[in-house]
Every structure is written in structure tokens, then in C-alpha cells.
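Data first, discussion second: the structure below is written as C-alpha cells.
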Amino acid sequence: MNALLTQIEFWQYLSIPVIAALIGWLTNWLAIKMTFYPLEFVGKPPLLGWQGIIPSKARKMAAISVDTTISKIGTVNEIFDQIDPQVLAAHIVHSVEPRTEEYVDELMLQEYPTFWENLPATARRMVYDRVRKSTPRLVDNLVGDVSNNIEDLLDIKGMVIDRLAADKKLLNKIFLECGEVEFRFIVNSGFYFGFLFGLIQMTVWYFHQSWWVLPFFGLLVGWATNWIALNVIFRPLHEKKIGPFRLQGLFLKRQHDVAHSFCHIVTHEILTVSNIVNAILNGPNGERARNMVKKHIKPLVDETAGMGKALTQVAFGPTGFATLKYQVGEKAVAISQTSFTNPIFLKDRAEAVERIMVERMIALSSEEFQNLLRPCFQEDEIKLILVGGVLGFTAGVGQLLFIFGY
């Protein structure tokens with residue numbers, strides 16, 4: 001009988017570090033999940049339910065990402081220079097040229113169908129040729145003007161914030177991919193640190209079997225495993241040499257790898273040519289940008305009419321020629337927004353921007369670099385710690401009641 005009781009006690013005591021390890025793992029796993037999910041609020045707002053900390057503060061987190069990282073690794077001018085205005089202009093011309101006849105026919109049939117249908121084929125071909133000849137120079141002038149005024153036309157901070165605030169999944173992706181190793185470490189370390197705490201808990205329980213010991217240590221495990229993991233990730237901030245060992249925060253040691261991951265996402269999914277052009281034309285200064293497009297492209301009508309401009313004006317009536325120029329300008333704006341769908345071109349320009357951003361990000365100080373991932377833990381961190389503590393406390397009470405029969 002005594003031997004049986006001894007065996008039961010053995011397994012009871014052994015369960016203490018095992019349960020502590022499971023508590024550490026579960027609370028850390030839950031902390032990560034609650035940081036990112038769900039994307040939208042589930043429950044009855046404002047108190048009964050939950051939304052992931054990052055998605056719930058998407059605009060704020062996006063602003064932090066821009067202020068602490070993106071603004072330090074690429075200015076508006078540098079990004080546009082890497083896209084290369086000349087390459088951009090050449091791509092527009094290359095995209096428009098095969099559809100020149102289609103665009104001209106569309107405009108003329110919309111405004112002057114009878115005139116255009118009755119125009120001899122040779123005259124129509126002359127119009128097509130003049131449009132093709134004039135377009136490259138006008139587009140070069142337009143892109144050059146945009147490049148010279150890019151800081152006034154493009155609100156890059158607002159563009160990135162709007163994009164990430166609207167796409168919470170993409171915002172999560174930035175943090176999850178850049179901190180993938182660290183998040184995995186947090187979850188796994190919860191098990192190991194929890195087990196170590198459990199050994200201490202088991203020793204204390206052996207000598208002092210007060211009712212509060214197990215609940216208290218459960219709470220401690222739920223809180224401490226998260227706290228320790230975070231400190232191992234971000235501390236020490238700078239590399240320290242202790243004997244043969246070199247110590248530095250896990251995230252900070254991966255600056256080179258993280259820079260590549262972060263900059264790839266930013267350049268291929270946020271700061272793409274198509275997104276930048278859309279932000280220029282539809283952003284806070286979009287009206288100015290659209291007027292700039294019209295100003296540079298409207299002369300195409302005059303150059304196409306050539307020496308027959310006076311006769312064309314007579315044929316179209318007093319306001320017809322002006323209307324045609326207006327429609328050409330509107331069409332140019334529409335084309336500008338749909339000319340950047342070629343995946344090869346977008347990938348090539350993204351890689352050009354990515355190169356300079358990676359170099360800048362690798363060169364960031366440890367203080368600046370940690371700000372990429374640190375904010376996602378700082379936001380409502382106390383809530384996650386409290387949840388971990390409550391779970392740990394509850395598990396401790398469960399041990400007390402169901403394993404030791406108090």
C-alpha cells in the first residue's frame with residue numbers, strides 16, 4: 001500500500017514540471033495567435049470579444065512601420081530614381097504603341113464618328129503615324145516633369161499606411177515573415193522555460209504544500225515565459241563577448257536575413273510601380289498630377305493635325321477641337337493607370353528598388369532595426385501577459401484540485 005502511494009506521489013510530482021511546460025508553451029502560443037488573429041473583431045464589441053492586436057491597430061502599426069523603418073531606407077526621390085524615369089517612359093511608350101490605332105479609333109468614333117468613318121484610309125494612317133511619332137517625346141517630357149516634382153506629388157507615407165490599413169493580412173505578413181524565427185522561438189521556449197520553472201515549483205511544493213503554491217507558480221509561468229522570451233529576442237541590443245561566446249538578441253543577429261525578407265515584401269507588394277502611379281494620380285495631390293498628364297499629352301492633337309489644323313478646327317466646329325483635346329487628356333490619364341500590369345516589368349523595377357533598400361536596412365543601427373518587430377509586442381503587451389497569467393493560474397488551481405485533491 002505504501003509502495004502504491006509512493007508511486008502515485010511520484011507521478012503527481014512529475015506532473016508539476018510537465019504541466020508547467022505545457023502552460024508555458026500554450027500561453028506563448030496563444031500570445032502569438034492573439035497578436036495577429038482574428039483579422040476582424042469576433043464577438044460583441046467593445047469588450048466581449050477579440051481582434052488581433054496588429055489588425056485592430058492596423059493604421060497605427062502601419063504608421064510605426066513607415067516612421068521607424070521605411071522612411072529610413074528610402075526617400076521618395078531615391079525610390080523613383082531606382083524605378084528609373086527613362087525606363088518608366090520607355091515602358092509606357094512600349095505599352096501604348098501596339099494599341100495606337102485602337103486608341104485613336106476609340107476617341108474619334110466617340111466624338112466624330114461620321115468624320116472619321118468617311119476619312120480616307122490613307123489619311124487615317126497618316127494620323128496613326130503622327131501619333132506614334134509624337135508620343136515618345138511627349139511621354140518623356142511628362143515623366144521628366146513628374147520626376148522633378150515627385151516629392152510634391154507622392155505622399156509615400158500615406159500611400160503605405162492606406163495600403164496596409166486596408167489589407168490587414170498583408171500587414172500581418174510583414175511581421176510574421178520577418179519574425180518567423182523569433183515567433184517560433186517564443187512558442188518553443190515557453191515549453192523549456194516552463195519546464196525549468198516547474199522543477200522549481202516541484203521543489204517548493206515538496207517542502208511547502210500550501211494551497212497557493214501551485215496557482216501562484218502557474219501564474220508566474222504564464223507571465224515569465226513570455227517575458228523571458230522577449231528579452232532573449234531583443235537583448236542584449238549590441239553584441240557582447242563573454243569568453244568564447246558572443247551574445248546578442250536573436251532578432252538583431254538576423255538583421256541581414258530580415259532585411260531581405262522585409263524589403264522584398266515592401267517592394268513587391270506595396271511600393272510597386274502600379275501602386276505608386278495610382279497613389280500619384282489618386283492621392284492628395286492627384287488633381288495636380290492628372291492635370292500634369294493632360295498638359296503634356298494634349299499637344300498630341302495639335303501635332304497630329306499639323307498643317308491641316310485650321311481645316312480640322314473648321315470641320316469640328318468652334319468647340320469640337322477643344323473637346324477632342326480634353327478627351328485625349330482624359331484618355332491619357334486612364335492609360336496611365338492601366339499601363340503597369342506587365343509582371344516582368346513590375347518584378348524588374350521592384351528588384352531595382354529592393355537592392356538599395358536592403359543595403360540601407362542592413363546598415364541600420366541595432367536601435368533602429370529592432371523597431372521593425374518590437375512594436376508588435378509593445379502594443380497591448382499587458383493584455384497578453386494577463387491572459388498568460390490567468391491561464392497559468394487556472395492550470396495551477398486545476399493541479400491543486402484534480403491532481404493533489406485539495
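Lettering and numbering for the C-alpha cells are positional, with chains as A, B, ... in the shown order, residues counted from 1 in each chain, and ligands counted from 1 in the shown order.
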Under the rule of at most 12 Å, produce a per-residue listing of range 38-126 of chain A near range 283-305 of chain A: chain, number, name, the closest pair of atoms, and the distance in Å, as JSON lines, using only C-alpha atoms.
{"residue": "A:Val104", "atom": "CA", "partner": "A:Val301", "partner_atom": "CA", "distance": 10.6}
{"residue": "A:Leu107", "atom": "CA", "partner": "A:Val301", "partner_atom": "CA", "distance": 11.4}
{"residue": "A:Met108", "atom": "CA", "partner": "A:Val301", "partner_atom": "CA", "distance": 11.4}
{"residue": "A:Ala123", "atom": "CA", "partner": "A:Ala305", "partner_atom": "CA", "distance": 10.8}
{"residue": "A:Arg124", "atom": "CA", "partner": "A:Thr304", "partner_atom": "CA", "distance": 10.7}
{"residue": "A:Arg125", "atom": "CA", "partner": "A:Thr304", "partner_atom": "CA", "distance": 11.2}
{"residue": "A:Met126", "atom": "CA", "partner": "A:Thr304", "partner_atom": "CA", "distance": 8.6}
Env of Pro136 in chain A: 8 Å cut, atoms = only C-alpha atoms, seq-sep filter 3 positions within chain, self excluded. Answer as a PDB file with C-alpha atoms, in the first residue's frame.
ATOM      1  CA  ALA A  89       8.760  56.318 -70.048  1.00  0.00           C
ATOM      2  CA  ALA A  90      10.030  53.618 -72.398  1.00  0.00           C
ATOM      3  CA  VAL A  93       5.515  54.012 -74.950  1.00  0.00           C
ATOM      4  CA  ARG A 132       3.245  57.208 -82.956  1.00  0.00           C
ATOM      5  CA  LYS A 133       5.956  59.717 -83.843  1.00  0.00           C
ATOM      6  CA  VAL A 139       5.762  60.892 -72.645  1.00  0.00           C
ATOM      7  CA  ASP A 140       9.442  61.629 -71.914  1.00  0.00           C
TER       8      ASP A 140
END
**Request:** May I have all residues of range 41-240 of chain A that DSSP, computed from the backbone, assigns to alpha helix (DSSP H), given as a PyMOL selection string?
**Result:** chain A and resi 53-56+58-65+71-73+76-83+85-96+100-111+113-118+121-148+150-153+156-166+168-178+180-207+213-234
Next, write the just-selected residues to a file, as a short mmCIF file (atom, residue, chain, number, x, y, z; two decimals), in the first residue's frame, keeping C-alpha atoms as the atom set.
data_model
loop_
_atom_site.label_atom_id
_atom_site.label_comp_id
_atom_site.auth_asym_id
_atom_site.auth_seq_id
_atom_site.Cartn_x
_atom_site.Cartn_y
_atom_site.Cartn_z
CA ILE A 53 -3.63 43.40 -31.70
CA ILE A 54 -1.92 44.16 -35.02
CA PRO A 55 -5.12 44.15 -37.14
CA SER A 56 -7.03 46.14 -34.50
CA ALA A 58 -3.61 48.48 -38.41
CA ARG A 59 -3.27 52.18 -39.25
CA LYS A 60 -1.15 52.89 -36.18
CA MET A 61 1.08 49.86 -36.78
CA ALA A 62 1.49 50.80 -40.45
CA ALA A 63 2.48 54.33 -39.44
CA ILE A 64 5.04 52.95 -36.99
CA SER A 65 6.43 50.70 -39.73
CA SER A 71 11.42 56.25 -44.08
CA LYS A 72 14.98 55.39 -43.08
CA ILE A 73 15.79 53.08 -46.00
CA VAL A 76 10.67 59.33 -52.34
CA ASN A 77 13.32 60.63 -54.75
CA GLU A 78 15.56 57.60 -54.25
CA ILE A 79 12.72 55.16 -54.83
CA PHE A 80 11.63 56.94 -58.00
CA ASP A 81 15.23 57.18 -59.22
CA GLN A 82 15.63 53.41 -58.78
CA ILE A 83 12.44 52.82 -60.74
CA PRO A 85 12.10 57.61 -65.14
CA GLN A 86 13.64 56.76 -68.53
CA VAL A 87 12.77 53.08 -68.16
CA LEU A 88 9.30 54.09 -67.00
CA ALA A 89 8.76 56.32 -70.05
CA ALA A 90 10.03 53.62 -72.40
CA HIS A 91 7.64 51.10 -70.85
CA ILE A 92 4.65 53.43 -71.30
CA VAL A 93 5.52 54.01 -74.95
CA HIS A 94 6.09 50.29 -75.47
CA SER A 95 2.69 49.53 -73.90
CA VAL A 96 0.80 52.19 -75.87
CA THR A 100 -2.24 53.30 -81.06
CA GLU A 101 -4.79 52.65 -83.78
CA GLU A 102 -7.27 51.27 -81.26
CA TYR A 103 -6.97 54.35 -79.03
CA VAL A 104 -7.26 56.80 -81.93
CA ASP A 105 -10.26 54.99 -83.39
CA GLU A 106 -11.96 54.87 -79.98
CA LEU A 107 -11.60 58.61 -79.45
CA MET A 108 -12.58 59.67 -82.96
CA LEU A 109 -15.56 57.34 -83.19
CA GLN A 110 -16.74 58.57 -79.83
CA GLU A 111 -16.56 62.27 -80.75
CA PRO A 113 -17.88 59.08 -85.94
CA THR A 114 -19.14 60.42 -89.30
CA PHE A 115 -15.97 62.44 -89.97
CA TRP A 116 -13.70 59.52 -89.03
CA GLU A 117 -15.63 56.87 -90.97
CA ASN A 118 -15.58 58.99 -94.13
CA ALA A 121 -7.73 55.18 -95.17
CA THR A 122 -4.50 56.96 -96.21
CA ALA A 123 -5.45 59.98 -94.10
CA ARG A 124 -6.24 57.78 -91.09
CA ARG A 125 -2.87 56.05 -91.45
CA MET A 126 -1.21 59.46 -91.50
CA VAL A 127 -2.91 60.27 -88.19
CA TYR A 128 -1.75 56.97 -86.68
CA ASP A 129 1.83 57.61 -87.81
CA ARG A 130 1.91 61.13 -86.42
CA VAL A 131 0.57 59.92 -83.08
CA ARG A 132 3.24 57.21 -82.96
CA LYS A 133 5.96 59.72 -83.84
CA SER A 134 4.92 62.34 -81.28
CA THR A 135 4.10 60.07 -78.34
CA PRO A 136 7.66 59.14 -77.16
CA ARG A 137 8.76 62.77 -76.81
CA LEU A 138 5.58 63.84 -75.04
CA VAL A 139 5.76 60.89 -72.64
CA ASP A 140 9.44 61.63 -71.91
CA ASN A 141 8.53 65.22 -71.06
CA LEU A 142 5.67 64.06 -68.87
CA VAL A 143 7.74 61.54 -66.88
CA GLY A 144 10.55 64.08 -66.53
CA ASP A 145 8.12 66.63 -65.11
CA VAL A 146 6.70 64.06 -62.69
CA SER A 147 10.22 63.08 -61.61
CA ASN A 148 11.15 66.70 -60.90
CA ILE A 150 7.81 63.67 -57.24
CA GLU A 151 8.14 64.81 -53.61
CA ASP A 152 5.11 67.06 -54.02
CA LEU A 153 3.08 64.51 -55.96
CA ILE A 156 4.65 57.78 -49.71
CA LYS A 157 3.81 57.57 -46.01
CA GLY A 158 0.11 58.00 -46.65
CA MET A 159 0.29 55.51 -49.53
CA VAL A 160 1.87 52.77 -47.40
CA ILE A 161 -0.40 53.41 -44.43
CA ASP A 162 -3.54 53.29 -46.58
CA ARG A 163 -2.38 50.09 -48.26
CA LEU A 164 -1.58 48.26 -45.03
CA ALA A 165 -4.60 49.56 -43.14
CA ALA A 166 -6.83 48.27 -45.95
CA LYS A 168 -4.59 43.58 -42.63
CA LYS A 169 -3.44 40.24 -43.98
CA LEU A 170 -0.51 41.93 -45.72
CA LEU A 171 0.32 43.88 -42.55
CA ASN A 172 0.39 40.61 -40.61
CA LYS A 173 2.55 39.06 -43.31
CA ILE A 174 5.27 41.65 -42.82
CA PHE A 175 5.60 40.90 -39.12
CA LEU A 176 5.08 37.14 -39.43
CA GLU A 177 7.66 36.63 -42.18
CA CYS A 178 10.25 38.97 -40.69
CA GLU A 180 9.15 33.88 -38.20
CA VAL A 181 12.20 32.52 -36.39
CA GLU A 182 11.56 34.63 -33.30
CA PHE A 183 7.88 33.67 -33.05
CA ARG A 184 8.79 30.00 -33.33
CA PHE A 185 11.37 30.50 -30.59
CA ILE A 186 8.83 32.21 -28.33
CA VAL A 187 6.41 29.29 -28.62
CA ASN A 188 9.04 26.57 -28.17
CA SER A 189 10.89 28.39 -25.39
CA GLY A 190 7.65 28.54 -23.43
CA PHE A 191 7.87 24.75 -23.10
CA TYR A 192 11.52 24.69 -21.97
CA PHE A 193 11.33 27.69 -19.64
CA GLY A 194 8.04 26.36 -18.27
CA PHE A 195 9.67 23.02 -17.51
CA LEU A 196 12.53 24.72 -15.63
CA PHE A 197 10.07 26.79 -13.63
CA GLY A 198 8.15 23.58 -13.00
CA LEU A 199 11.22 21.96 -11.41
CA ILE A 200 11.47 24.88 -9.02
CA GLN A 201 7.73 24.67 -8.41
CA MET A 202 8.02 20.95 -7.67
CA THR A 203 10.83 21.55 -5.18
CA VAL A 204 8.90 24.30 -3.38
CA TRP A 205 5.78 22.11 -3.29
CA TYR A 206 7.74 19.22 -1.79
CA PHE A 207 8.81 21.32 1.19
CA VAL A 213 1.91 27.47 -4.28
CA LEU A 214 0.57 25.76 -7.41
CA PRO A 215 -1.74 28.61 -8.55
CA PHE A 216 0.98 31.18 -7.87
CA PHE A 217 3.62 29.29 -9.85
CA GLY A 218 1.12 28.70 -12.65
CA LEU A 219 0.57 32.44 -12.86
CA LEU A 220 4.34 33.01 -12.71
CA VAL A 221 5.00 30.55 -15.54
CA GLY A 222 2.31 32.13 -17.75
CA TRP A 223 3.82 35.56 -17.26
CA ALA A 224 7.55 34.86 -17.01
CA THR A 225 7.99 32.58 -20.03
CA ASN A 226 6.70 35.32 -22.33
CA TRP A 227 8.80 37.99 -20.65
CA ILE A 228 12.00 35.94 -20.81
CA ALA A 229 11.46 35.03 -24.47
CA LEU A 230 11.01 38.68 -25.45
CA ASN A 231 14.19 39.66 -23.67
CA VAL A 232 16.16 36.90 -25.33
CA ILE A 233 14.92 38.13 -28.71
CA PHE A 234 15.80 41.80 -28.24
#
**Prompt:** Closest to Gln12 in chain A among A:Pro375, A:Pro236, A:Gly329, A:Gly405, using only C-alpha atoms?
**Reply:** A:Gly405
**Request:** Show which residues sit within 9 Å of Phe41 in chain A, as a ChimeraX atom specification. Count only C-alpha atoms, and ignore same-chain residues fewer than 2 positions away.
**Result:** /A:38-39,43-45,49-52,56
Written selection (N, CA and C atoms) as a PDB file, in the first residue's frame:
ATOM      1  N   PRO A  38      -8.013  37.204 -34.487  1.00  0.00           N
ATOM      2  CA  PRO A  38      -8.530  37.245 -35.861  1.00  0.00           C
ATOM      3  C   PRO A  38      -8.310  38.612 -36.517  1.00  0.00           C
ATOM      4  N   LEU A  39      -8.431  38.631 -37.848  1.00  0.00           N
ATOM      5  CA  LEU A  39      -8.209  39.874 -38.579  1.00  0.00           C
ATOM      6  C   LEU A  39      -9.289  40.907 -38.272  1.00  0.00           C
ATOM      7  N   GLY A  43     -17.032  38.648 -31.799  1.00  0.00           N
ATOM      8  CA  GLY A  43     -17.705  38.795 -30.521  1.00  0.00           C
ATOM      9  C   GLY A  43     -18.626  39.999 -30.537  1.00  0.00           C
ATOM     10  N   LYS A  44     -18.881  40.542 -29.381  1.00  0.00           N
ATOM     11  CA  LYS A  44     -19.751  41.702 -29.261  1.00  0.00           C
ATOM     12  C   LYS A  44     -18.924  42.882 -28.759  1.00  0.00           C
ATOM     13  N   PRO A  45     -18.629  43.835 -29.639  1.00  0.00           N
ATOM     14  CA  PRO A  45     -17.799  44.970 -29.223  1.00  0.00           C
ATOM     15  C   PRO A  45     -18.514  45.827 -28.186  1.00  0.00           C
ATOM     16  N   GLY A  49     -15.227  40.038 -26.743  1.00  0.00           N
ATOM     17  CA  GLY A  49     -14.670  39.519 -27.988  1.00  0.00           C
ATOM     18  C   GLY A  49     -13.221  39.905 -28.127  1.00  0.00           C
ATOM     19  N   TRP A  50     -12.668  39.631 -29.300  1.00  0.00           N
ATOM     20  CA  TRP A  50     -11.237  39.917 -29.507  1.00  0.00           C
ATOM     21  C   TRP A  50     -10.957  40.125 -30.985  1.00  0.00           C
ATOM     22  N   GLN A  51     -10.026  41.020 -31.248  1.00  0.00           N
ATOM     23  CA  GLN A  51      -9.438  41.190 -32.570  1.00  0.00           C
ATOM     24  C   GLN A  51      -7.935  41.224 -32.376  1.00  0.00           C
ATOM     25  N   GLY A  52      -7.184  40.598 -33.280  1.00  0.00           N
ATOM     26  CA  GLY A  52      -5.734  40.595 -33.172  1.00  0.00           C
ATOM     27  C   GLY A  52      -5.190  41.992 -32.920  1.00  0.00           C
ATOM     28  N   SER A  56      -6.157  45.169 -35.164  1.00  0.00           N
ATOM     29  CA  SER A  56      -7.029  46.142 -34.503  1.00  0.00           C
ATOM     30  C   SER A  56      -6.439  47.541 -34.519  1.00  0.00           C
TER      31      SER A  56
END
